[in-house]
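Shown here: final_38.tsv, TSV, C-alpha atoms.
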```tsv
chain	number	residue	atom	x	y	z
A	819	MET	CA	108.39	127.05	131.70
A	820	LYS	CA	109.41	124.23	134.03
A	821	GLY	CA	108.38	120.59	133.87
A	822	ARG	CA	107.33	118.14	131.17
A	823	HIS	CA	104.89	119.47	128.58
A	824	ILE	CA	103.24	117.54	125.75
A	825	VAL	CA	101.97	119.64	122.86
A	826	LEU	CA	99.51	118.10	120.39
A	827	GLY	CA	99.08	120.16	117.25
A	828	HIS	CA	99.75	120.22	113.52
A	829	LEU	CA	102.91	120.58	111.45
A	830	PHE	CA	103.11	120.75	107.66
A	831	GLY	CA	99.34	120.26	107.51
A	832	ALA	CA	99.28	116.99	109.48
A	833	GLU	CA	99.18	115.75	113.06
A	834	ALA	CA	102.32	116.35	115.11
A	835	ALA	CA	103.34	116.09	118.76
A	836	ALA	CA	106.15	117.74	120.69
A	837	LEU	CA	107.72	117.01	124.05
A	838	LEU	CA	109.13	119.97	125.97
A	839	ILE	CA	111.22	119.60	129.12
A	840	ASP	CA	111.78	122.86	131.01
A	841	GLY	CA	110.83	124.72	127.84
A	842	ARG	CA	113.35	122.93	125.62
A	843	LEU	CA	112.21	120.79	122.69
A	844	GLN	CA	113.23	117.19	123.40
A	845	ASP	CA	111.27	115.17	120.88
A	846	LEU	CA	109.09	115.75	117.86
A	847	LEU	CA	106.72	113.33	116.15
A	848	ALA	CA	105.39	114.20	112.69
A	849	ASP	CA	103.08	112.22	110.42
A	850	PRO	CA	105.23	110.77	107.57
A	851	SER	CA	102.38	109.17	105.61
A	852	SER	CA	102.11	111.98	103.04
A	853	VAL	CA	105.69	111.25	101.92
A	854	ALA	CA	106.57	107.73	103.03
A	855	GLY	CA	103.18	106.06	102.53
A	856	LEU	CA	103.70	103.12	104.89
A	857	ALA	CA	104.95	104.50	108.21
A	858	PRO	CA	107.02	102.56	110.76
A	859	GLY	CA	104.75	100.30	112.80
A	860	ALA	CA	102.33	99.46	109.97
A	861	ILE	CA	101.58	95.72	109.65
A	862	LEU	CA	100.74	94.24	106.27
A	863	ARG	CA	100.48	91.10	104.21
A	864	GLY	CA	103.06	90.88	101.46
A	865	LYS	CA	104.36	88.42	98.88
A	866	VAL	CA	107.96	87.31	98.50
A	867	GLU	CA	109.35	88.38	95.11
A	868	ARG	CA	113.02	87.56	94.80
A	869	LEU	CA	115.57	85.79	96.97
A	870	MET	CA	118.70	87.91	96.71
A	871	LYS	CA	121.59	85.48	97.05
A	872	GLY	CA	124.66	87.02	98.61
A	873	GLN	CA	122.72	89.99	100.00
A	874	GLY	CA	121.09	88.20	102.92
A	875	GLY	CA	117.49	89.15	102.25
A	876	VAL	CA	114.45	89.12	99.99
A	877	PHE	CA	112.30	91.70	98.24
A	878	VAL	CA	108.63	91.66	99.25
A	879	ARG	CA	105.78	93.08	97.17
A	880	MET	CA	103.52	95.22	99.35
A	881	PRO	CA	100.28	97.19	98.88
A	882	ASP	CA	100.09	100.04	96.34
A	883	GLY	CA	103.18	98.83	94.46
A	884	ALA	CA	105.56	99.41	97.38
A	885	ARG	CA	108.56	97.10	97.83
A	886	GLY	CA	109.97	95.94	101.12
A	887	TRP	CA	113.37	94.54	102.06
A	888	LEU	CA	113.21	91.60	104.47
A	889	ARG	CA	116.41	90.27	106.00
A	890	GLU	CA	114.83	87.22	107.66
A	891	ARG	CA	114.85	85.00	104.57
A	892	SER	CA	115.16	81.59	106.25
A	893	GLY	CA	112.42	79.21	105.10
A	894	LEU	CA	110.97	81.65	102.56
A	895	GLY	CA	110.28	80.92	98.92
A	896	GLU	CA	109.32	83.07	95.95
A	897	GLY	CA	105.57	83.70	95.81
A	898	GLN	CA	105.09	82.93	99.51
A	899	THR	CA	102.77	85.16	101.54
A	900	VAL	CA	104.25	86.76	104.67
A	901	ILE	CA	102.97	89.06	107.39
A	902	VAL	CA	105.48	91.80	108.10
A	903	GLN	CA	105.84	95.10	109.94
A	904	VAL	CA	107.48	98.27	108.69
A	905	THR	CA	110.51	98.90	110.91
A	906	GLY	CA	111.98	102.09	109.49
A	907	VAL	CA	112.00	104.68	106.73
A	908	ALA	CA	113.70	103.98	103.42
A	909	GLU	CA	115.99	106.36	101.63
A	910	GLU	CA	114.53	107.74	98.42
A	911	GLY	CA	114.51	105.07	95.70
A	912	LYS	CA	115.19	102.18	98.09
A	913	ALA	CA	112.99	99.40	99.48
A	914	ILE	CA	111.22	99.87	102.81
A	915	PRO	CA	112.81	97.95	105.72
A	916	ILE	CA	110.41	95.34	107.11
A	917	SER	CA	110.51	92.46	109.59
A	918	THR	CA	108.50	89.34	110.38
A	919	ARG	CA	108.98	90.09	114.10
A	920	LEU	CA	105.77	91.92	114.94
A	921	LEU	CA	105.34	94.36	117.82
A	922	LEU	CA	101.87	95.49	118.93
A	923	LYS	CA	102.42	98.38	121.31
A	924	GLY	CA	100.12	99.52	124.08
A	925	HIS	CA	100.56	101.99	126.92
A	926	PHE	CA	101.52	99.35	129.48
A	927	GLY	CA	102.70	96.44	127.35
A	928	ILE	CA	104.00	95.26	123.98
A	929	VAL	CA	102.64	92.01	122.56
A	930	THR	CA	105.17	90.04	120.49
A	931	PRO	CA	103.46	87.38	118.34
A	932	GLY	CA	105.67	84.39	117.68
A	933	ALA	CA	108.12	85.26	120.48
A	934	PRO	CA	106.72	83.62	123.65
A	935	GLY	CA	107.64	84.71	127.15
A	936	VAL	CA	106.73	87.51	129.55
A	937	ASN	CA	109.40	90.11	130.26
A	938	VAL	CA	109.30	93.16	132.53
A	939	SER	CA	111.08	96.47	131.91
A	940	ARG	CA	114.52	96.64	133.53
A	941	ARG	CA	113.58	100.03	134.96
A	942	LEU	CA	111.27	98.21	137.39
A	943	ARG	CA	113.66	96.70	139.92
A	944	ASP	CA	111.44	95.61	142.81
A	945	PRO	CA	111.46	91.77	142.56
A	946	ASP	CA	107.99	91.42	144.09
A	947	LEU	CA	106.56	93.94	141.62
A	948	ARG	CA	108.28	92.23	138.72
A	949	ASP	CA	106.88	88.83	139.73
A	950	HIS	CA	103.39	90.30	140.16
A	951	LEU	CA	103.47	91.99	136.75
A	952	ALA	CA	104.80	88.87	135.05
A	953	ALA	CA	101.94	86.81	136.51
A	954	LEU	CA	99.43	89.50	135.53
A	955	GLY	CA	100.79	89.57	131.98
A	956	ALA	CA	100.64	85.80	131.62
A	957	ALA	CA	97.02	85.85	132.80
A	958	ALA	CA	96.15	88.59	130.28
A	959	LEU	CA	97.61	86.52	127.44
A	960	ASN	CA	95.29	83.70	128.55
A	961	GLY	CA	97.36	80.83	127.17
A	962	ARG	CA	98.07	82.39	123.77
A	963	ASP	CA	101.36	81.63	122.06
A	964	HIS	CA	102.42	85.29	122.13
A	965	GLY	CA	105.12	87.07	124.06
A	966	LEU	CA	104.71	90.18	126.18
A	967	ILE	CA	106.95	93.00	127.32
A	968	LEU	CA	105.58	94.99	130.26
A	969	ARG	CA	106.67	98.62	130.04
A	970	SER	CA	107.83	100.77	132.96
A	971	ALA	CA	104.47	102.61	132.97
A	972	ALA	CA	102.90	99.37	134.26
A	973	GLY	CA	104.78	99.84	137.52
A	974	THR	CA	102.37	102.55	138.71
A	975	ALA	CA	99.17	101.33	137.02
A	976	GLU	CA	96.25	99.39	138.49
A	977	ASP	CA	95.96	95.72	137.62
A	978	ASP	CA	92.68	96.17	135.74
A	979	GLU	CA	94.20	99.00	133.65
A	980	ILE	CA	97.09	96.76	132.61
A	981	SER	CA	94.81	93.84	131.74
A	982	ALA	CA	92.47	96.12	129.78
A	983	ASP	CA	95.47	97.37	127.77
A	984	ILE	CA	97.02	93.97	127.00
A	985	ALA	CA	93.97	91.80	126.24
A	986	PRO	CA	92.84	93.77	123.14
A	987	LEU	CA	96.41	93.72	121.79
A	988	ALA	CA	96.51	89.93	122.16
A	989	ASP	CA	93.13	89.66	120.39
A	990	LEU	CA	94.43	91.89	117.60
A	991	ALA	CA	97.54	89.71	117.25
A	992	ASP	CA	95.29	86.66	116.82
A	993	GLN	CA	93.29	88.39	114.07
A	994	ILE	CA	96.41	89.54	112.20
A	995	LEU	CA	98.12	86.14	112.26
A	996	ALA	CA	94.91	84.48	111.03
A	997	ASP	CA	94.76	86.77	107.99
A	998	ARG	CA	97.62	85.23	106.02
A	999	ASP	CA	95.86	84.45	102.75
A	1000	GLY	CA	95.27	86.95	99.97
A	1001	PRO	CA	97.06	89.62	97.94
A	1002	PRO	CA	99.30	92.29	99.49
A	1003	GLU	CA	97.16	94.33	101.89
A	1004	LEU	CA	97.55	96.74	104.79
A	1005	LEU	CA	96.31	94.94	107.92
A	1006	LEU	CA	97.04	97.54	110.59
A	1007	ASP	CA	98.09	101.12	110.00
A	1008	ALA	CA	100.76	102.82	112.09
A	1009	ILE	CA	99.52	104.82	115.05
A	1010	SER	CA	99.22	108.59	114.73
A	1011	PRO	CA	101.70	111.03	116.31
A	1012	TRP	CA	99.14	111.96	118.97
A	1013	GLU	CA	98.59	108.31	119.92
A	1014	GLN	CA	102.33	107.69	119.96
A	1015	ALA	CA	102.88	110.70	122.20
A	1016	TRP	CA	100.44	109.35	124.80
A	1017	MET	CA	102.03	105.94	124.54
A	1018	GLU	CA	105.69	106.97	124.71
A	1019	TRP	CA	105.75	110.17	126.77
A	1020	ALA	CA	103.15	109.63	129.48
A	1021	ASP	CA	105.64	108.03	131.88
A	1022	PRO	CA	106.33	109.97	134.01
A	1023	PRO	CA	103.00	111.83	133.72
A	1024	PRO	CA	103.35	115.24	132.02
A	1025	ASP	CA	102.87	118.41	134.03
A	1026	GLN	CA	100.80	119.94	131.24
A	1027	VAL	CA	99.18	118.89	127.96
A	1028	ASP	CA	98.25	121.50	125.36
A	1029	GLU	CA	96.14	120.66	122.34
A	1030	GLY	CA	94.57	122.67	119.56
A	1031	ALA	CA	95.08	124.55	116.35
A	1032	GLU	CA	97.24	127.20	118.06
A	1033	ALA	CA	99.19	124.88	120.36
A	1034	PHE	CA	102.41	124.74	118.31
A	1035	GLY	CA	102.39	128.48	117.74
A	1036	ASP	CA	101.75	129.25	121.42
A	1037	HIS	CA	104.88	127.33	122.40
A	1038	GLY	CA	107.13	128.75	119.68
A	1039	LEU	CA	107.49	125.36	118.04
A	1040	PHE	CA	107.36	126.64	114.47
A	1041	GLU	CA	110.46	128.72	115.17
A	1042	ALA	CA	112.10	125.68	116.80
A	1043	VAL	CA	111.34	123.58	113.71
A	1044	ASP	CA	112.83	126.27	111.46
A	1045	ALA	CA	116.04	126.06	113.52
A	1046	ILE	CA	116.11	122.26	113.21
A	1047	LEU	CA	115.80	122.50	109.44
A	1048	ARG	CA	119.01	124.54	109.26
A	1049	PRO	CA	122.31	122.62	109.13
A	1050	ASP	CA	124.11	124.90	111.61
A	1051	LEU	CA	123.87	124.20	115.33
A	1052	PRO	CA	125.12	126.94	117.72
A	1053	LEU	CA	127.22	125.65	120.62
A	1054	PRO	CA	128.30	127.43	123.83
A	1055	GLY	CA	131.18	129.90	123.65
A	1056	GLY	CA	130.59	130.89	120.04
A	1057	ALA	CA	131.35	127.43	118.68
A	1058	LYS	CA	129.05	125.70	116.22
A	1059	ALA	CA	128.48	122.40	114.47
A	1060	MET	CA	127.20	121.63	110.99
A	1061	ILE	CA	124.90	118.61	110.57
A	1062	GLU	CA	124.55	117.81	106.88
A	1063	PRO	CA	122.85	114.70	105.47
A	1064	THR	CA	124.24	113.25	102.24
A	1065	ARG	CA	123.00	110.20	100.34
A	1066	ALA	CA	125.72	108.03	101.86
A	1067	LEU	CA	125.99	109.36	105.42
A	1068	ILE	CA	125.30	112.13	107.91
A	1069	ALA	CA	128.32	114.44	108.16
A	1070	VAL	CA	128.84	116.35	111.42
A	1071	ASP	CA	131.57	118.98	111.70
A	1072	VAL	CA	132.53	120.84	114.89
A	1073	ASN	CA	134.15	124.29	114.76
A	1074	THR	CA	135.36	126.33	117.75
A	1075	GLY	CA	134.75	129.66	116.05
A	1076	ALA	CA	136.68	132.65	117.38
A	1077	ASP	CA	137.61	130.95	120.66
A	1078	THR	CA	141.31	130.03	120.51
A	1079	SER	CA	141.76	129.09	124.19
A	1080	PRO	CA	143.40	125.69	124.94
A	1081	ALA	CA	140.15	124.17	126.22
A	1082	ALA	CA	137.92	125.52	123.42
A	1083	ALA	CA	138.03	122.42	121.21
A	1084	LEU	CA	137.27	119.96	124.02
A	1085	LYS	CA	134.40	122.13	125.33
A	1086	ALA	CA	132.83	122.42	121.88
A	1087	ASN	CA	133.22	118.70	121.22
A	1088	ILE	CA	131.64	117.75	124.56
A	1089	ALA	CA	128.72	120.12	123.94
A	1090	LEU	CA	128.08	118.54	120.54
A	1091	ALA	CA	128.42	114.99	121.91
A	1092	ARG	CA	125.85	115.67	124.64
A	1093	ASP	CA	123.32	117.19	122.26
A	1094	LEU	CA	123.84	114.90	119.26
A	1095	PRO	CA	121.20	112.27	120.19
A	1096	ARG	CA	118.56	114.99	120.54
A	1097	GLN	CA	119.58	116.63	117.28
A	1098	LEU	CA	119.44	113.37	115.30
A	1099	ARG	CA	116.10	112.51	116.90
A	1100	LEU	CA	114.51	115.90	116.15
A	1101	ARG	CA	115.86	116.01	112.59
A	1102	GLY	CA	114.75	112.41	111.93
A	1103	LEU	CA	118.24	111.41	110.82
A	1104	GLY	CA	119.69	107.93	110.88
A	1105	GLY	CA	122.10	105.61	109.13
A	1106	GLN	CA	125.86	106.10	109.19
A	1107	VAL	CA	126.94	109.23	111.08
A	1108	VAL	CA	130.52	110.51	110.74
A	1109	ILE	CA	131.71	113.20	113.18
A	1110	ASP	CA	134.69	115.43	112.49
A	1111	PHE	CA	135.39	116.75	115.99
A	1112	ALA	CA	137.45	119.89	116.52
A	1113	PRO	CA	141.14	118.84	116.84
A	1114	VAL	CA	142.05	117.57	120.33
A	1115	PRO	CA	144.94	115.48	121.67
A	1116	LYS	CA	144.45	111.73	121.42
A	1117	ARG	CA	144.27	111.50	125.19
A	1118	ASP	CA	140.96	113.43	125.08
A	1119	ARG	CA	139.32	110.92	122.75
A	1120	ALA	CA	138.45	108.67	125.69
A	1121	VAL	CA	136.60	111.58	127.32
A	1122	LEU	CA	134.55	112.22	124.16
A	1123	GLU	CA	133.75	108.54	123.77
A	1124	GLN	CA	132.57	108.39	127.38
A	1125	VAL	CA	130.31	111.42	126.85
A	1126	LEU	CA	128.85	109.91	123.67
A	1127	ARG	CA	128.09	106.60	125.36
A	1128	ALA	CA	126.35	108.36	128.23
A	1129	ALA	CA	124.39	110.59	125.83
A	1130	PHE	CA	123.09	107.70	123.70
A	1131	LYS	CA	122.39	105.38	126.63
A	1132	GLY	CA	118.72	106.33	126.96
A	1133	GLU	CA	117.92	106.51	123.25
A	1134	SER	CA	115.06	104.33	122.03
A	1135	ALA	CA	116.48	104.09	118.51
A	1136	GLU	CA	119.10	101.36	118.18
A	1137	THR	CA	122.53	102.99	117.97
A	1138	VAL	CA	125.94	101.40	117.47
A	1139	LEU	CA	128.99	103.48	118.44
A	1140	SER	CA	131.69	102.17	116.13
A	1141	GLY	CA	134.59	104.34	117.30
A	1142	TRP	CA	137.47	106.25	115.75
A	1143	THR	CA	138.74	105.85	112.21
A	1144	ALA	CA	142.37	106.00	111.10
A	1145	MET	CA	141.76	109.60	109.98
A	1146	GLY	CA	140.54	110.68	113.42
A	1147	LEU	CA	136.82	110.76	112.60
A	1148	TYR	CA	134.21	109.17	114.87
A	1149	GLU	CA	131.60	106.82	113.40
A	1150	LEU	CA	128.25	105.65	114.71
A	1151	ASN	CA	125.19	104.07	113.16
A	1152	ARG	CA	121.64	104.98	114.19
A	1153	LYS	CA	118.54	103.13	113.04
A	1154	ARG	CA	116.45	105.04	110.51
A	1155	ASP	CA	113.20	104.97	112.48
A	1156	ARG	CA	111.78	108.31	111.29
A	1157	LEU	CA	111.31	110.27	108.12
A	1158	PRO	CA	113.88	113.10	107.90
A	1159	LEU	CA	112.13	116.31	108.86
A	1160	ALA	CA	113.71	118.08	105.88
A	1161	ARG	CA	112.07	115.60	103.45
A	1162	LEU	CA	108.69	116.18	105.06
A	1163	ALA	CA	109.15	119.96	104.87
A	1164	ALA	CA	110.28	119.81	101.26
A	1165	ALA	CA	107.26	117.73	100.28
A	1166	GLN	CA	105.03	120.48	101.67
A	1167	GLY	CA	106.97	123.22	99.93
A	1168	VAL	CA	108.46	124.61	103.14
```
Structure encoded using structure tokens:
Amino acid sequence: MKGRHIVLGHLFGAEAAALLIDGRLQDLLADPSSVAGLAPGAILRGKVERLMKGQGGVFVRMPDGARGWLRERSGLGEGQTVIVQVTGVAEEGKAIPISTRLLLKGHFGIVTPGAPGVNVSRRLRDPDLRDHLAALGAAALNGRDHGLILRSAAGTAEDDEISADIAPLADLADQILADRDGPPELLLDAISPWEQAWMEWADPPPDQVDEGAEAFGDHGLFEAVDAILRPDLPLPGGAKAMIEPTRALIAVDVNTGADTSPAAALKANIALARDLPRQLRLRGLGGQVVIDFAPVPKRDRAVLEQVLRAAFKGESAETVLSGWTAMGLYELNRKRDRLPLARLAAAQGV
């Protein structure tokens, strides 16, 4: 099955979307609301509870008794009302990460209240096109004190389509910012997996879109999800990796298996490095990741680091590649932007 396919179906009794490229699962979006409550992207009004001196943040009381952790504490006082957006998924028992920097996402643009300026995606390189889109975006904002990021999908869209996408987002930003007074309340829920799929995966346009009750089953996605839920990851040549989340970090171990040839370790390590961004994305894993590569000479570390940097270059989730430790482990940190798939499965008794 060649090409880009978007599959809109259900997983664990809720909406889910999958992106297949040449028949291989590349991305998976599942509805976290049944477990996490407030999903990333939700905008709400909260109330500052405690200024945590020495920890660089404040706790914020949110709807339904939830607590948020806000790092932008400058100018805030206890009891003050703030409008914030959920930016990630919290570990069990911890406060939800939130931010006062709001993002209202559309198909062609992202409105950024409180951060003025019109910016165009770096993927659009034609200077005339960039200038045209910037002028179009400024006109759509119509003098509002909001910022705007024009996405790469705007490069092939008609002007009226772009304006029709941005103007409602700017109106919505006005309404949200004007609703500052009152108790903690959800102002805008996070978009559904189906909406997010159309927003994030429609550029370039998919070759096929399948939707319906049987869509996931028809594409073998339930079997693919079962494989993702297992810690072991088969690699070429009989090698394998183990990806095991703990409370403190994500541990990744690479094993060459029965292959004892001189190049076995480097081949297994490169295979894992290339596939690691996809694996973390599909499994919904983030935070500190520690990789115990199969033993290789120190001269090969530069090769692995180069492969990792290339692999993570196109990732949407913010990732910091920290490098090698004194014990020969490799560390990186990936933003927790999704609920771990295993938590979602466990909550549904899978």
Query raised in the report: If you count only C-alpha atoms, which residues fall within 8 Å of stretch 877-887 of chain A, apart from same-chain ones fewer than 4 positions away, as a VMD selection string?
Result: chain A and resid 862 to 870 913 to 916 1002 to 1004
Query raised in the report: Of the candidates A:Glu1018, A:Asp845, A:Asp1050, A:Asp999, which one gets nearest to A:Ser970 if we count only C-alpha atoms?
Result: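 Looking only at the distances to A:Ser970, the closest residue turns out to be A:Glu1018.
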Report summary line: Pairwise distance, atom CA of A:Val929 with atom CA of A:Ser981, equals 12.2 Å
Query - d(atom CA of A:Pro850, atom CA of A:Leu1139) in Å - result: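 One can read the atom CA of A:Pro850 to atom CA of A:Leu1139 distance as 27.1 Å.
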Query raised in the report: Using all atoms listed in the file, what residues lie at most 7 Å away from (123.0, 111.2, 129.7) (file coordinates), given as a list in words?
Result: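 With a cut-off of 7 Å, the residues come to Ala1128, Ala1129, Phe1130 and Lys1131 of chain A.
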Query raised in the report: Distance atom CA of A:His823-atom CA of A:Leu847, one decimal place?
Result: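 Separation between atom CA of A:His823 and atom CA of A:Leu847: 14.0 Å.
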Query - A:Gly924, A:Pro1095, A:Gly1146, A:Gly827 ranked by distance to A:Pro986, top pick (using only C-alpha atoms) - result: A:Gly924
Query raised in the report: Restricting the calculation to all atoms listed in the file, which member of A:Ala975, A:Gln1106, A:Pro1052, A:Val1121 is positioned closest to A:Val1138?
Result: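 Closest to A:Val1138, using all atoms listed in the file: A:Gln1106.
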Query raised in the report: Can you find the residues with an atom no farther than 10 Å from (114.5, 84.1, 108.6), counting all atoms listed in the file, and report them as a PyMOL selection string?
Result: chain A and resi 874-876+888-894+917-919
Put the listed atoms of stretch 852-859 of chain A in a box along x, y and z with 5 Å added on every side and give me the centre and edge lengths in Å to one decimal, as lines of an AutoDock Vina configuration file.
```
center_x = 104.6
center_y = 106.1
center_z = 107.4
size_x = 14.9
size_y = 21.7
size_z = 20.9
```
Query raised in the report: Between A:Arg962, A:Arg1156, A:Arg998, A:Asp1077, which is the closest to A:Gln898 once you count all atoms listed in the file?
Result: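 Of all the options, A:Arg998 lies closest to A:Gln898.
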Requested in this report: Could you check which of A:Met1017, A:Ala1076, A:Ala1066, A:Leu1084 is closest to A:Arg1117, using all atoms listed in the file?
Outcome: A:Leu1084
Please report, as JSON lines, each residue of stretch 873-935 of chain A lying at most 12 Å from stretch 939-955 of chain A, together with the nearest pair of atoms and the separation in Å rounded to one decimal; use only C-alpha atoms, and order rows by chain and ascending residue number.
```
{"residue": "A:Phe926", "atom": "CA", "partner": "A:Gly955", "partner_atom": "CA", "distance": 10.1}
{"residue": "A:Gly927", "atom": "CA", "partner": "A:Gly955", "partner_atom": "CA", "distance": 8.5}
{"residue": "A:Ile928", "atom": "CA", "partner": "A:Gly955", "partner_atom": "CA", "distance": 10.3}
{"residue": "A:Val929", "atom": "CA", "partner": "A:Gly955", "partner_atom": "CA", "distance": 9.9}
{"residue": "A:Pro934", "atom": "CA", "partner": "A:Gly955", "partner_atom": "CA", "distance": 11.8}
{"residue": "A:Gly935", "atom": "CA", "partner": "A:Ala952", "partner_atom": "CA", "distance": 9.4}
```
Please dump the current selection as an mmCIF file, keeping the file's coordinate frame; keep C-alpha atoms.
```
data_model
loop_
_atom_site.group_PDB
_atom_site.id
_atom_site.type_symbol
_atom_site.label_atom_id
_atom_site.label_comp_id
_atom_site.auth_asym_id
_atom_site.auth_seq_id
_atom_site.Cartn_x
_atom_site.Cartn_y
_atom_site.Cartn_z
ATOM 1 C CA PHE A 926 101.520 99.350 129.480
ATOM 2 C CA GLY A 927 102.700 96.440 127.350
ATOM 3 C CA ILE A 928 104.000 95.260 123.980
ATOM 4 C CA VAL A 929 102.640 92.010 122.560
ATOM 5 C CA PRO A 934 106.720 83.620 123.650
ATOM 6 C CA GLY A 935 107.640 84.710 127.150
#
```
Complete stretch 1066-1080 of chain A at the level of N, CA, C and O atoms, written as a short mmCIF file (atom, residue, chain, number, x, y, z; two decimals), keeping the file's coordinate frame.
```cif
data_model
loop_
_atom_site.label_atom_id
_atom_site.label_comp_id
_atom_site.auth_asym_id
_atom_site.auth_seq_id
_atom_site.Cartn_x
_atom_site.Cartn_y
_atom_site.Cartn_z
N ALA A 1066 124.97 109.15 101.30
CA ALA A 1066 125.72 108.03 101.86
C ALA A 1066 125.77 108.06 103.39
O ALA A 1066 125.79 107.01 104.04
N LEU A 1067 125.78 109.25 103.97
CA LEU A 1067 125.99 109.36 105.42
C LEU A 1067 125.54 110.72 105.93
O LEU A 1067 125.21 111.62 105.16
N ILE A 1068 125.57 110.84 107.26
CA ILE A 1068 125.30 112.13 107.91
C ILE A 1068 126.66 112.69 108.35
O ILE A 1068 127.36 112.06 109.15
N ALA A 1069 127.03 113.83 107.82
CA ALA A 1069 128.32 114.44 108.16
C ALA A 1069 128.11 115.50 109.25
O ALA A 1069 127.25 116.37 109.12
N VAL A 1070 128.90 115.40 110.32
CA VAL A 1070 128.84 116.35 111.42
C VAL A 1070 130.23 116.97 111.60
O VAL A 1070 131.22 116.24 111.75
N ASP A 1071 130.29 118.28 111.57
CA ASP A 1071 131.57 118.98 111.70
C ASP A 1071 131.49 119.96 112.87
O ASP A 1071 130.51 120.71 112.99
N VAL A 1072 132.51 119.95 113.72
CA VAL A 1072 132.53 120.84 114.89
C VAL A 1072 133.61 121.90 114.69
O VAL A 1072 134.74 121.59 114.32
N ASN A 1073 133.24 123.16 114.94
CA ASN A 1073 134.15 124.29 114.76
C ASN A 1073 134.12 125.15 116.02
O ASN A 1073 133.04 125.48 116.52
N THR A 1074 135.30 125.54 116.51
CA THR A 1074 135.36 126.33 117.75
C THR A 1074 135.06 127.80 117.53
O THR A 1074 134.90 128.55 118.50
N GLY A 1075 135.01 128.25 116.30
CA GLY A 1075 134.75 129.66 116.05
C GLY A 1075 135.92 130.54 116.44
O GLY A 1075 137.09 130.18 116.23
N ALA A 1076 135.63 131.67 117.05
CA ALA A 1076 136.68 132.65 117.38
C ALA A 1076 137.44 132.29 118.65
O ALA A 1076 138.46 132.90 118.95
N ASP A 1077 136.97 131.32 119.40
CA ASP A 1077 137.61 130.95 120.66
C ASP A 1077 138.89 130.15 120.37
O ASP A 1077 138.84 129.05 119.82
N THR A 1078 140.02 130.70 120.75
CA THR A 1078 141.31 130.03 120.51
C THR A 1078 141.97 129.56 121.81
O THR A 1078 143.14 129.21 121.83
N SER A 1079 141.21 129.53 122.91
CA SER A 1079 141.76 129.09 124.19
C SER A 1079 142.08 127.59 124.13
O SER A 1079 141.49 126.85 123.33
N PRO A 1080 143.00 127.10 124.99
CA PRO A 1080 143.40 125.69 124.94
C PRO A 1080 142.24 124.71 125.13
O PRO A 1080 142.27 123.61 124.58
#
```
